[in-house]
>>> print(open('coords.csv').read())   # CSV, C-alpha atoms and all ligand atoms
chain,number,residue,atom,x,y,z
T,165,MET,CA,155.9,332.2,-26.8
T,166,ARG,CA,154.8,328.7,-27.6
T,167,ALA,CA,155.3,325.8,-25.2
T,168,ALA,CA,153.8,322.3,-24.6
T,169,VAL,CA,152.2,322.2,-21.1
T,170,LEU,CA,151.4,319.0,-19.2
T,171,HIS,CA,148.4,319.9,-17.0
T,172,ASP,CA,148.0,316.4,-15.3
T,173,LEU,CA,150.0,313.2,-15.3
T,174,GLY,CA,149.2,311.0,-18.2
T,175,GLU,CA,147.4,313.7,-20.2
T,176,LYS,CA,148.2,314.9,-23.7
T,177,LEU,CA,150.3,318.1,-23.9
T,178,ASP,CA,148.6,321.4,-24.4
T,179,ILE,CA,150.3,323.5,-27.0
T,180,ARG,CA,149.9,327.1,-26.0
T,181,ASP,CA,151.1,330.4,-27.3
T,182,ASP,CA,150.6,332.5,-24.2
T,183,VAL,CA,153.5,331.1,-22.2
T,184,THR,CA,156.2,333.3,-20.7
T,185,VAL,CA,159.5,332.2,-19.2
T,186,LEU,CA,160.4,333.5,-15.7
T,187,GLY,CA,163.8,335.3,-15.4
T,188,PRO,CA,166.7,335.2,-15.9
T,189,GLY,CA,167.4,336.0,-12.3
T,190,PRO,CA,170.9,336.5,-10.9
T,191,GLY,CA,173.2,333.7,-12.1
T,192,GLU,CA,170.7,332.5,-14.7
T,193,VAL,CA,170.6,332.4,-18.5
T,194,ARG,CA,167.7,332.7,-20.9
T,195,LEU,CA,167.9,330.6,-24.0
T,196,ARG,CA,166.1,330.3,-27.3
T,197,VAL,CA,165.6,326.5,-27.7
T,198,ARG,CA,166.6,325.5,-31.2
T,199,ALA,CA,166.5,321.7,-30.9
T,200,ALA,CA,165.0,319.4,-28.2
T,201,GLY,CA,165.4,315.6,-28.3
T,202,VAL,CA,162.6,313.4,-27.1
T,203,CYS,CA,164.0,311.1,-24.4
T,204,HIS,CA,162.1,308.3,-22.7
T,205,SER,CA,162.5,310.1,-19.4
T,206,ASP,CA,160.1,312.8,-20.8
T,207,GLN,CA,157.5,310.0,-21.3
T,208,SER,CA,158.2,308.7,-17.8
T,209,ALA,CA,157.7,312.2,-16.3
T,210,ARG,CA,154.4,312.5,-18.2
T,211,ASP,CA,153.0,309.2,-17.0
T,212,GLY,CA,154.2,309.4,-13.4
T,213,GLY,CA,157.1,306.9,-13.7
T,214,LEU,CA,159.5,309.7,-12.7
T,215,PRO,CA,158.5,312.3,-10.1
T,216,GLN,CA,157.1,315.4,-11.8
T,217,PRO,CA,155.0,318.2,-10.3
T,218,VAL,CA,152.4,319.7,-12.6
T,219,PRO,CA,151.6,321.7,-14.5
T,220,ALA,CA,154.9,321.3,-16.3
T,221,VAL,CA,156.8,321.9,-19.5
T,222,LEU,CA,158.7,318.6,-20.2
T,223,GLY,CA,161.9,318.3,-22.2
T,224,HIS,CA,165.5,318.3,-20.9
T,225,GLU,CA,167.7,317.3,-23.9
T,226,ALA,CA,168.3,320.6,-25.7
T,227,ALA,CA,170.5,323.0,-27.5
T,228,GLY,CA,170.0,326.6,-28.4
T,229,ASP,CA,171.3,330.2,-28.2
T,230,VAL,CA,171.7,332.5,-25.3
T,231,LEU,CA,169.2,335.4,-25.4
T,232,GLU,CA,169.9,337.1,-22.2
T,233,VAL,CA,172.2,336.6,-19.1
T,234,GLY,CA,171.2,337.5,-15.5
T,235,ALA,CA,173.3,339.6,-13.1
T,236,GLY,CA,176.7,338.1,-12.4
T,237,VAL,CA,177.0,336.0,-15.5
T,238,ASP,CA,180.0,337.4,-17.3
T,239,ASP,CA,181.3,334.6,-19.3
T,240,LEU,CA,178.4,334.2,-21.8
T,241,ALA,CA,176.8,336.6,-24.2
T,242,PRO,CA,173.6,336.7,-26.3
T,243,GLY,CA,174.2,334.7,-29.4
T,244,ASP,CA,176.4,332.1,-27.8
T,245,ARG,CA,175.5,328.5,-28.8
T,246,VAL,CA,175.0,326.1,-25.8
T,247,ILE,CA,173.9,322.6,-24.8
T,248,VAL,CA,171.6,322.3,-21.8
T,249,ASN,CA,173.1,320.3,-18.8
T,250,TRP,CA,169.9,319.0,-17.0
T,251,MET,CA,171.8,318.1,-13.9
T,252,PRO,CA,173.8,321.1,-13.1
T,253,SER,CA,176.0,320.8,-10.0
T,254,CYS,CA,176.0,323.5,-7.3
T,255,GLY,CA,179.7,323.0,-6.4
T,256,THR,CA,179.1,323.2,-2.6
T,257,CYS,CA,176.9,320.3,-1.5
T,258,ALA,CA,178.3,317.1,0.0
T,259,GLU,CA,178.1,315.2,-3.3
T,260,CYS,CA,179.8,318.0,-5.2
T,261,LEU,CA,182.6,318.2,-2.6
T,262,ARG,CA,183.1,314.4,-2.9
T,263,GLY,CA,183.7,314.9,-6.6
T,264,GLU,CA,180.4,313.3,-7.7
T,265,PRO,CA,178.6,316.3,-9.4
T,266,PHE,CA,176.2,313.9,-11.2
T,267,LEU,CA,174.7,313.2,-7.7
T,268,CYS,CA,174.0,316.8,-6.9
T,269,MET,CA,170.3,317.3,-6.2
T,270,THR,CA,170.4,321.1,-5.5
T,271,HIS,CA,169.2,322.4,-8.8
T,272,VAL,CA,166.9,319.5,-9.6
T,273,LEU,CA,165.1,319.9,-6.2
T,274,THR,CA,164.8,323.6,-6.9
T,275,GLY,CA,163.1,322.7,-10.1
T,276,TYR,CA,160.4,320.7,-8.2
T,277,VAL,CA,159.4,323.8,-6.1
T,278,MET,CA,160.2,326.8,-8.3
T,279,PRO,CA,158.0,327.4,-11.4
T,280,ARG,CA,160.0,328.3,-14.5
T,281,PHE,CA,157.1,329.5,-16.7
T,282,MET,CA,153.7,331.2,-16.6
T,283,ALA,CA,150.9,330.0,-18.9
T,284,GLY,CA,148.6,333.0,-18.8
T,285,ASP,CA,148.4,333.4,-15.0
T,286,LEU,CA,149.2,329.8,-14.2
T,287,PRO,CA,152.7,329.0,-12.7
T,288,VAL,CA,154.3,326.1,-14.6
T,289,PHE,CA,157.3,324.0,-13.6
T,290,GLY,CA,160.0,322.9,-15.9
T,291,MET,CA,161.1,319.2,-16.0
T,292,ALA,CA,164.2,318.9,-13.7
T,293,GLY,CA,164.2,322.7,-13.8
T,294,CYS,CA,164.5,322.7,-17.6
T,295,GLY,CA,161.4,322.6,-19.9
T,296,ALA,CA,162.8,322.2,-23.4
T,297,PHE,CA,159.5,321.7,-25.2
T,298,ALA,CA,159.2,325.4,-25.4
T,299,GLU,CA,160.6,328.2,-27.5
T,300,GLU,CA,162.6,329.6,-24.6
T,301,MET,CA,163.8,328.4,-21.2
T,302,VAL,CA,165.8,329.7,-18.2
T,303,VAL,CA,168.4,327.7,-16.5
T,304,PRO,CA,171.3,328.4,-14.0
T,305,ARG,CA,174.6,329.3,-15.7
T,306,ILE,CA,176.0,325.9,-14.8
T,307,GLY,CA,173.0,324.4,-16.6
T,308,VAL,CA,174.5,325.3,-20.0
T,309,VAL,CA,177.8,324.4,-21.7
T,310,PRO,CA,179.0,326.6,-24.5
T,311,ILE,CA,180.0,325.0,-27.8
T,312,ASP,CA,181.3,326.2,-31.2
T,313,ALA,CA,178.7,327.8,-33.5
T,314,ASP,CA,179.2,325.3,-36.3
T,315,VAL,CA,177.8,322.3,-34.3
T,316,PRO,CA,174.3,321.6,-35.6
T,317,TYR,CA,171.7,322.2,-33.0
T,318,GLU,CA,170.2,318.8,-33.3
T,319,VAL,CA,173.6,317.1,-32.8
T,320,ALA,CA,174.3,319.3,-29.8
T,321,ALA,CA,170.9,318.5,-28.3
T,322,LEU,CA,171.5,314.8,-28.4
T,323,VAL,CA,174.7,315.3,-26.5
T,324,GLY,CA,172.7,316.9,-23.7
T,325,CYS,CA,171.1,313.7,-22.5
T,326,GLY,CA,171.0,310.5,-24.6
T,327,VAL,CA,174.5,310.5,-25.9
T,328,MET,CA,176.1,311.8,-22.6
T,329,THR,CA,174.1,309.1,-20.7
T,330,GLY,CA,174.9,306.2,-23.0
T,331,VAL,CA,178.5,306.9,-23.9
T,332,GLY,CA,179.2,308.1,-20.3
T,333,ALA,CA,177.8,304.8,-18.9
T,334,VAL,CA,180.5,303.0,-20.8
T,335,VAL,CA,183.4,305.4,-20.6
T,336,ASN,CA,182.9,307.1,-17.2
T,337,THR,CA,180.9,304.7,-15.2
T,338,ALA,CA,182.1,301.3,-16.4
T,339,GLN,CA,185.4,302.5,-17.7
T,340,LEU,CA,185.3,299.6,-20.2
T,341,ARG,CA,188.8,298.8,-21.6
T,342,PRO,CA,189.9,297.5,-25.0
T,343,GLY,CA,189.2,293.8,-25.2
T,344,ASP,CA,186.3,293.8,-22.8
T,345,THR,CA,182.9,292.4,-23.8
T,346,ALA,CA,179.5,294.1,-23.4
T,347,VAL,CA,175.8,293.5,-23.7
T,348,VAL,CA,173.4,296.4,-24.1
T,349,ILE,CA,169.7,295.8,-23.3
T,350,GLY,CA,167.4,298.4,-24.9
T,351,CYS,CA,168.4,300.1,-28.1
T,352,GLY,CA,166.7,303.5,-28.1
T,353,GLY,CA,168.7,306.7,-28.2
T,354,VAL,CA,170.5,305.9,-24.9
T,355,GLY,CA,171.2,302.3,-25.8
T,356,ILE,CA,172.5,303.1,-29.2
T,357,SER,CA,174.8,305.7,-27.5
T,358,ALA,CA,176.1,303.0,-25.2
T,359,ILE,CA,176.8,300.7,-28.2
T,360,GLN,CA,178.8,303.6,-29.8
T,361,GLY,CA,180.6,304.1,-26.5
T,362,ALA,CA,181.5,300.4,-26.3
T,363,ARG,CA,182.7,300.5,-29.9
T,364,LEU,CA,185.0,303.5,-29.4
T,365,SER,CA,186.3,302.0,-26.1
T,366,GLY,CA,187.5,298.9,-28.0
T,367,ALA,CA,184.9,296.3,-26.9
T,368,THR,CA,185.4,293.1,-28.8
T,369,LEU,CA,181.9,291.8,-28.4
T,370,ILE,CA,178.9,294.2,-28.3
T,371,VAL,CA,175.6,292.4,-28.1
T,372,ALA,CA,172.5,294.5,-28.6
T,373,VAL,CA,169.2,293.2,-27.1
T,374,ASP,CA,165.8,294.6,-27.9
T,375,THR,CA,162.2,293.3,-28.0
T,376,VAL,CA,161.6,295.1,-31.3
T,377,PRO,CA,163.3,293.3,-34.2
T,378,ALA,CA,163.8,296.5,-36.3
T,379,LYS,CA,165.9,297.9,-33.5
T,380,LEU,CA,168.4,295.1,-33.9
T,381,ASP,CA,169.3,296.3,-37.5
T,382,VAL,CA,169.7,299.8,-36.1
T,383,ALA,CA,172.0,298.5,-33.4
T,384,ARG,CA,174.2,296.6,-35.9
T,385,ARG,CA,174.5,299.9,-37.9
T,386,PHE,CA,175.9,301.7,-34.9
T,387,GLY,CA,178.5,299.0,-34.0
T,388,ALA,CA,176.8,296.0,-32.3
T,389,THR,CA,178.6,292.8,-33.3
T,390,HIS,CA,175.5,290.8,-32.5
T,391,ALA,CA,171.9,291.7,-32.0
T,392,VAL,CA,169.1,289.5,-30.6
T,393,THR,CA,165.7,289.5,-28.9
T,394,PRO,CA,165.7,288.8,-25.2
T,395,ASP,CA,164.6,285.1,-25.7
T,396,GLN,CA,167.6,284.5,-28.0
T,397,LEU,CA,170.2,285.9,-25.6
T,398,GLY,CA,170.8,282.6,-23.6
T,399,ASP,CA,171.8,280.7,-26.7
T,400,LEU,CA,174.1,283.6,-27.8
T,401,VAL,CA,175.9,283.7,-24.5
T,402,THR,CA,176.7,280.0,-25.0
T,403,GLU,CA,177.8,280.6,-28.5
T,404,VAL,CA,180.0,283.7,-28.2
T,405,THR,CA,181.3,283.5,-24.6
T,406,ALA,CA,181.3,279.8,-24.1
T,407,GLY,CA,178.6,280.3,-21.5
T,408,GLU,CA,180.7,282.6,-19.4
T,409,GLY,CA,178.8,285.8,-19.9
T,410,PHE,CA,179.9,289.4,-20.6
T,411,ASP,CA,182.3,291.7,-18.7
T,412,TYR,CA,179.6,294.4,-18.7
T,413,ALA,CA,175.8,294.2,-18.9
T,414,PHE,CA,174.2,297.6,-19.5
T,415,ASP,CA,170.5,297.7,-18.6
T,416,VAL,CA,169.1,300.6,-20.5
T,417,VAL,CA,165.5,299.7,-19.7
T,418,ALA,CA,165.5,298.8,-16.0
T,419,LEU,CA,162.4,296.7,-15.7
T,420,PRO,CA,162.6,293.8,-13.1
T,421,GLN,CA,162.9,291.3,-16.0
T,422,THR,CA,165.7,293.3,-17.8
T,423,LEU,CA,167.6,293.6,-14.6
T,424,ARG,CA,167.4,289.8,-14.2
T,425,THR,CA,168.5,289.4,-17.8
T,426,ALA,CA,171.4,291.7,-17.3
T,427,TRP,CA,172.4,289.9,-14.1
T,428,ASN,CA,172.3,286.5,-15.8
T,429,ALA,CA,174.2,287.8,-18.9
T,430,ALA,CA,177.1,289.2,-16.9
T,431,ARG,CA,180.0,286.8,-16.3
T,432,ARG,CA,181.1,285.8,-12.8
T,433,GLY,CA,182.8,288.9,-11.4
T,434,GLY,CA,181.2,291.0,-14.1
T,435,THR,CA,179.4,294.3,-13.7
T,436,ILE,CA,175.7,295.2,-14.3
T,437,VAL,CA,175.3,298.9,-15.1
T,438,VAL,CA,171.8,300.3,-14.4
T,439,VAL,CA,171.2,303.1,-17.0
T,440,GLY,CA,167.4,302.9,-17.5
T,441,ALA,CA,165.3,305.0,-15.1
T,442,GLY,CA,163.0,302.5,-13.6
T,443,ARG,CA,159.9,303.0,-11.5
T,444,ALA,CA,159.9,303.3,-7.7
T,445,GLU,CA,156.9,300.9,-7.4
T,446,HIS,CA,158.8,298.0,-9.1
T,447,GLN,CA,160.7,295.5,-7.0
T,448,VAL,CA,163.6,293.4,-8.1
T,449,GLU,CA,164.6,290.1,-6.5
T,450,PHE,CA,168.1,288.8,-5.9
T,451,ASN,CA,168.9,286.0,-3.6
T,452,PRO,CA,171.7,286.5,-1.0
T,453,PHE,CA,173.6,283.5,-2.3
T,454,GLU,CA,174.0,284.8,-5.8
T,455,LEU,CA,174.8,288.3,-4.6
T,456,LEU,CA,177.9,287.0,-2.8
T,457,PHE,CA,179.0,283.9,-4.7
T,458,GLU,CA,178.7,285.1,-8.3
T,459,GLY,CA,181.0,288.0,-7.4
T,460,LYS,CA,179.0,290.5,-9.6
T,461,ARG,CA,178.6,294.2,-9.0
T,462,ILE,CA,175.5,296.2,-9.8
T,463,ILE,CA,176.4,299.9,-10.3
T,464,PRO,CA,174.2,302.9,-11.2
T,465,SER,CA,175.0,305.3,-14.0
T,466,LEU,CA,173.2,308.6,-13.5
T,467,TYR,CA,173.7,310.9,-16.5
T,468,GLY,CA,176.7,308.8,-17.6
T,469,SER,CA,178.5,309.8,-14.4
T,470,ALA,CA,179.0,313.1,-16.3
T,471,HIS,CA,180.7,316.3,-15.5
T,472,PRO,CA,179.1,318.1,-18.4
T,473,PRO,CA,181.5,321.1,-18.7
T,474,ARG,CA,184.3,318.5,-19.1
T,475,ASP,CA,182.4,315.8,-21.0
T,476,PHE,CA,180.2,317.7,-23.6
T,477,PRO,CA,183.3,319.2,-25.3
T,478,ARG,CA,184.9,315.7,-25.4
T,479,LEU,CA,181.8,314.2,-27.0
T,480,ILE,CA,181.7,316.9,-29.6
T,481,ALA,CA,185.4,316.3,-30.3
T,482,LEU,CA,184.7,312.6,-30.7
T,483,TRP,CA,181.9,313.5,-33.2
T,484,ARG,CA,184.2,315.8,-35.1
T,485,ALA,CA,186.8,313.1,-35.2
T,486,GLY,CA,184.3,310.8,-36.8
T,487,ARG,CA,184.3,308.4,-33.8
T,488,LEU,CA,180.6,309.1,-32.8
T,489,ASP,CA,177.8,309.1,-35.4
T,490,LEU,CA,175.4,311.7,-34.0
T,491,GLU,CA,173.7,312.9,-37.2
T,492,GLY,CA,172.8,309.3,-37.9
T,493,MET,CA,170.9,309.1,-34.6
T,494,VAL,CA,168.4,311.8,-35.6
T,495,SER,CA,165.6,309.7,-37.0
T,496,HIS,CA,162.9,312.3,-37.1
T,497,ARG,CA,162.6,316.1,-37.2
T,498,LEU,CA,159.3,317.3,-35.8
T,499,ARG,CA,157.6,320.6,-34.8
T,500,LEU,CA,156.5,321.4,-31.3
T,501,GLU,CA,152.9,320.7,-32.2
T,502,GLU,CA,153.9,317.0,-32.9
T,503,VAL,CA,155.5,316.4,-29.5
T,504,ASP,CA,152.6,314.1,-28.3
T,505,ASP,CA,153.0,311.9,-31.4
T,506,ALA,CA,156.8,311.8,-30.7
T,507,LEU,CA,156.2,310.6,-27.1
T,508,ALA,CA,153.7,308.0,-28.4
T,509,ALA,CA,156.3,306.8,-31.0
T,510,LEU,CA,159.0,306.0,-28.5
T,511,GLY,CA,160.0,302.4,-28.9
T,512,ARG,CA,158.8,302.1,-32.5
T,513,GLY,CA,161.2,300.3,-34.8
T,514,ASP,CA,162.2,303.3,-36.9
T,515,VAL,CA,162.7,305.7,-33.9
T,516,ILE,CA,166.2,306.4,-32.7
T,517,ARG,CA,166.0,310.0,-31.5
T,518,GLN,CA,163.2,312.4,-32.5
T,519,VAL,CA,164.1,316.0,-32.4
T,520,ILE,CA,161.8,319.0,-32.0
T,521,ILE,CA,163.1,321.8,-34.2
T,522,ASN,CA,162.3,325.4,-33.4
T,523,ASP,CA,163.5,327.5,-36.4
T,524,GLY,CA,161.3,330.5,-35.7
T,525,ALA,CA,163.1,333.9,-35.4
J,601,LIG,N1,170.5,307.2,-16.3
J,601,LIG,C1,170.1,308.4,-16.7
J,601,LIG,O1,170.6,309.4,-16.2
J,601,LIG,C2,169.2,308.4,-17.8
J,601,LIG,C3,169.2,309.5,-18.8
J,601,LIG,C4,168.4,309.4,-19.9
J,601,LIG,C5,167.5,308.4,-20.0
J,601,LIG,N2,167.4,307.4,-19.1
J,601,LIG,C6,166.6,306.2,-19.2
J,601,LIG,O2,167.1,305.4,-20.1
J,601,LIG,C7,166.1,304.5,-20.7
J,601,LIG,C8,166.2,304.5,-22.2
J,601,LIG,O3,165.9,305.8,-22.7
J,601,LIG,P1,165.7,306.0,-24.3
J,601,LIG,O4,165.4,307.5,-24.5
J,601,LIG,O5,166.8,305.4,-25.0
J,601,LIG,O6,164.3,305.2,-24.5
J,601,LIG,P2,163.7,304.6,-25.9
J,601,LIG,O7,162.2,304.4,-25.6
J,601,LIG,O8,164.1,305.4,-27.0
J,601,LIG,O9,164.4,303.1,-26.0
J,601,LIG,C9,164.1,302.1,-25.1
J,601,LIG,C10,164.3,300.8,-25.9
J,601,LIG,O10,164.2,299.7,-25.0
J,601,LIG,C11,163.5,298.6,-25.7
J,601,LIG,N3,162.8,297.8,-24.7
J,601,LIG,C12,161.7,298.0,-24.0
J,601,LIG,N4,161.4,297.0,-23.2
J,601,LIG,C13,162.4,296.1,-23.4
J,601,LIG,C14,162.7,294.8,-22.8
J,601,LIG,N5,161.9,294.2,-21.9
J,601,LIG,N6,163.8,294.1,-23.3
J,601,LIG,C15,164.6,294.7,-24.2
J,601,LIG,N7,164.4,295.9,-24.8
J,601,LIG,C16,163.3,296.6,-24.4
J,601,LIG,C17,162.5,299.4,-26.6
J,601,LIG,O11,162.1,298.6,-27.7
J,601,LIG,C18,163.4,300.6,-27.1
J,601,LIG,O12,164.1,300.3,-28.3
J,601,LIG,C19,164.8,305.1,-20.1
J,601,LIG,O13,164.5,304.4,-19.0
J,601,LIG,C20,165.2,306.5,-19.8
J,601,LIG,O14,164.3,307.1,-18.8
J,601,LIG,C21,168.3,307.4,-18.0
J,602,ZN,ZN,167.0,312.2,-21.0
J,603,ZN,ZN,176.0,320.1,-5.4
>>> encode(input="coords.csv", output="structure tokens", more="lines below")
Ligand SMILES: NC(=O)c1ccc[n+]([C@@H]2O[C@H](COP(=O)([O-])OP(=O)(O)OC[C@H]3O[C@@H](n4cnc5c(N)ncnc54)[C@H](O)[C@@H]3O)[C@@H](O)[C@H]2O)c1
Ligand SMILES: [Zn+2]
Ligand SMILES: [Zn+2]
Amino acid sequence: MRAAVLHDLGEKLDIRDDVTVLGPGPGEVRLRVRAAGVCHSDQSARDGGLPQPVPAVLGHEAAGDVLEVGAGVDDLAPGDRVIVNWMPSCGTCAECLRGEPFLCMTHVLTGYVMPRFMAGDLPVFGMAGCGAFAEEMVVPRIGVVPIDADVPYEVAALVGCGVMTGVGAVVNTAQLRPGDTAVVIGCGGVGISAIQGARLSGATLIVAVDTVPAKLDVARRFGATHAVTPDQLGDLVTEVTAGEGFDYAFDVVALPQTLRTAWNAARRGGTIVVVGAGRAEHQVEFNPFELLFEGKRIIPSLYGSAHPPRDFPRLIALWRAGRLDLEGMVSHRLRLEEVDDALAALGRGDVIRQVIINDGA
């Protein structure tokens, strides 16, 4: 089959047609990938911003059809339509037992040491144990969530990372309530999803912030009540919150400067939600006085604090009810050969979510 292989960090992807997928072993499922969204985390894995052993097939936001099930998988059959859950929970580790499945590292760590593919005779890892920039992939049973066959693959793929992460940050992590106010920094696929989550949760002010002016128009289309560049945010805080700041500040970039912007934009007692996947070599400064006396909380939102078997069907139901615009988030449909261009285009004004479509037999 065809797959895009990253041989070394920072390199272009090598589109090959001699790749095979390993498995499915017991408890695993082999899929035909039909649609794979291009998330900024793929770019970060490629350039070393997120840990990634190589060679690797990147891609983790995906939907497709079951081709084959391994021994012991008795609740899925070939032909079933599924969304990939890139952070499947094992059910037995300390985090799972505490009811925090989105902190389970069991399967992700397995993905770091167990190749998922062979390219000729070269073993190849899958990003986070996935590897969606390929025609097929193998994941554990808990790494897929079945959905109805009428959900378009591209809509389903987006639910698998960007939408779950952005909407989940608002609904699950922050638990924003009607009447609350929010600022969202970074308006890519994840940020636009956070804006949609804030809208459906009843936020009265939803301020979008992005350095790229064209993104501000996109943000308004998806429910932002105001949209500004970072340098304009201070004046807007004065204007719309009388200088108080927002109940929630979602940082969907997570650079040192955006974390500072998020901190400053949150009201006294407000909450900063870290959604962006920042780099381990960056350092962020907060002084002890502000950490105590401003009464703010900084909380992480990994995968939108999701429990995918519970949350993917809820997101699909919200989409069916017309409360989430997912088709509108698909800004480009590309072929596997174009995945490098898609990674390079991240952050461009006209990009919301680019989706790699595999419509081969
Ligand atoms: N928490 C999680 O589990 C999780 C899951 C998926 C993605 N992520 C992370 O979320 C982030 C966003 O992902 P995405 O796919 O939406 O990315 P994207 O590239 O599509 O969008 C990022 C947006 O941020 C804007 N931006 C960049 N620097 C900025 C700055 N200094 N100030 C304001 N805006 C700025 C860009 O113009 C762009 O519009 C990435 O860090 C990604 O790795 C986290
Ligand atoms: Zn992602
Ligand atoms: Zn676990």
>>> residues_near_point(input="coords.csv", point="(179.4, 290.8, -23.0)", cutoff="6 Å", atoms="only C-alpha atoms", output="list of chain:residue names")
T:Thr345, T:Ala346, T:Val347, T:Gly409, T:Phe410, T:Asp411, T:Tyr412
>>> write_last_selection(input="coords.csv", atoms="C-alpha atoms", output="short mmCIF file (atom, residue, chain, number, x, y, z; two decimals), keeping the file's coordinate frame")
data_model
loop_
_atom_site.label_atom_id
_atom_site.label_comp_id
_atom_site.auth_asym_id
_atom_site.auth_seq_id
_atom_site.Cartn_x
_atom_site.Cartn_y
_atom_site.Cartn_z
CA THR T 345 182.90 292.40 -23.80
CA ALA T 346 179.50 294.10 -23.40
CA VAL T 347 175.80 293.50 -23.70
CA GLY T 409 178.80 285.80 -19.90
CA PHE T 410 179.90 289.40 -20.60
CA ASP T 411 182.30 291.70 -18.70
CA TYR T 412 179.60 294.40 -18.70
#
>>> residues_around(input="coords.csv", residues="Gly212 of chain T", least_positions_apart="3", cutoff="12 Å", atoms="all atoms listed in the file", output="list in words")
Leu170, Asp172, Leu173, Gly174, Glu175, Ser205, Asp206, Gln207, Ser208, Ala209, Pro215, Gln216, Pro217, Val218, Gly442, Arg443, Ala444 and Glu445 of chain T
>>> residues_near_ligand(input="coords.csv", ligand="ligand LIG 601 (chain J)", cutoff="7 Å", atoms="only C-alpha atoms and all ligand atoms", output="MDAnalysis selection string")
chainID T and resid 203:205 208 325:326 329 349:355 373:376 379 394 416:419 421:422 439:442 465:468 510:512 516:517
>>> residues_near_ligand(input="coords.csv", ligand="ligand ZN 603 (chain J)", cutoff="9 Å", atoms="all atoms listed in the file", output="ChimeraX atom specification")
/T:252-261,264-271
>>> atom_distance(input="coords.csv", atom1="atom CA of Leu369 of chain T", atom2="atom CA of Thr389 of chain T")
6.0 Å
>>> residues_around(input="coords.csv", residues="Val348 of chain T", least_positions_apart="4", cutoff="8 Å", atoms="only C-alpha atoms", output="list in words")
Gly355, Ala358, Ile359, Ile370, Val371, Ala372, Val373, Ala413, Phe414, Asp415 and Val416 of chain T
>>> atom_distance(input="coords.csv", atom1="atom CA of Arg424 of chain T", atom2="atom CA of Ile436 of chain T")
9.9 Å
>>> closest_residue(input="coords.csv", among="T:Ala296, T:Met278, T:Val193, T:Ala429", to="ligand ZN 602 (chain J)", atoms="only C-alpha atoms and all ligand atoms")
T:Ala296
>>> closest_residue(input="coords.csv", among="T:Val237, T:Leu488, T:Ile247, T:Ala320", to="Gly307 of chain T", atoms="only C-alpha atoms")
T:Ile247
>>> atom_distance(input="coords.csv", atom1="atom CA of Asp229 of chain T", atom2="atom CA of Arg245 of chain T")
4.6 Å
>>> closest_residue(input="coords.csv", among="T:Thr368, T:Thr435, T:Gln396, T:Gln518", to="Pro464 of chain T", atoms="all atoms listed in the file")
T:Thr435
>>> residues_around(input="coords.csv", residues="Leu240 of chain T", least_positions_apart="4", cutoff="8 Å", atoms="all atoms listed in the file", output="PyMOL selection string")
chain T and resi 230+233+244
>>> closest_residue(input="coords.csv", among="T:Ala220, T:Leu195, T:Met251, T:Met493", to="ligand ZN 602 (chain J)", atoms="all atoms listed in the file")
T:Met251
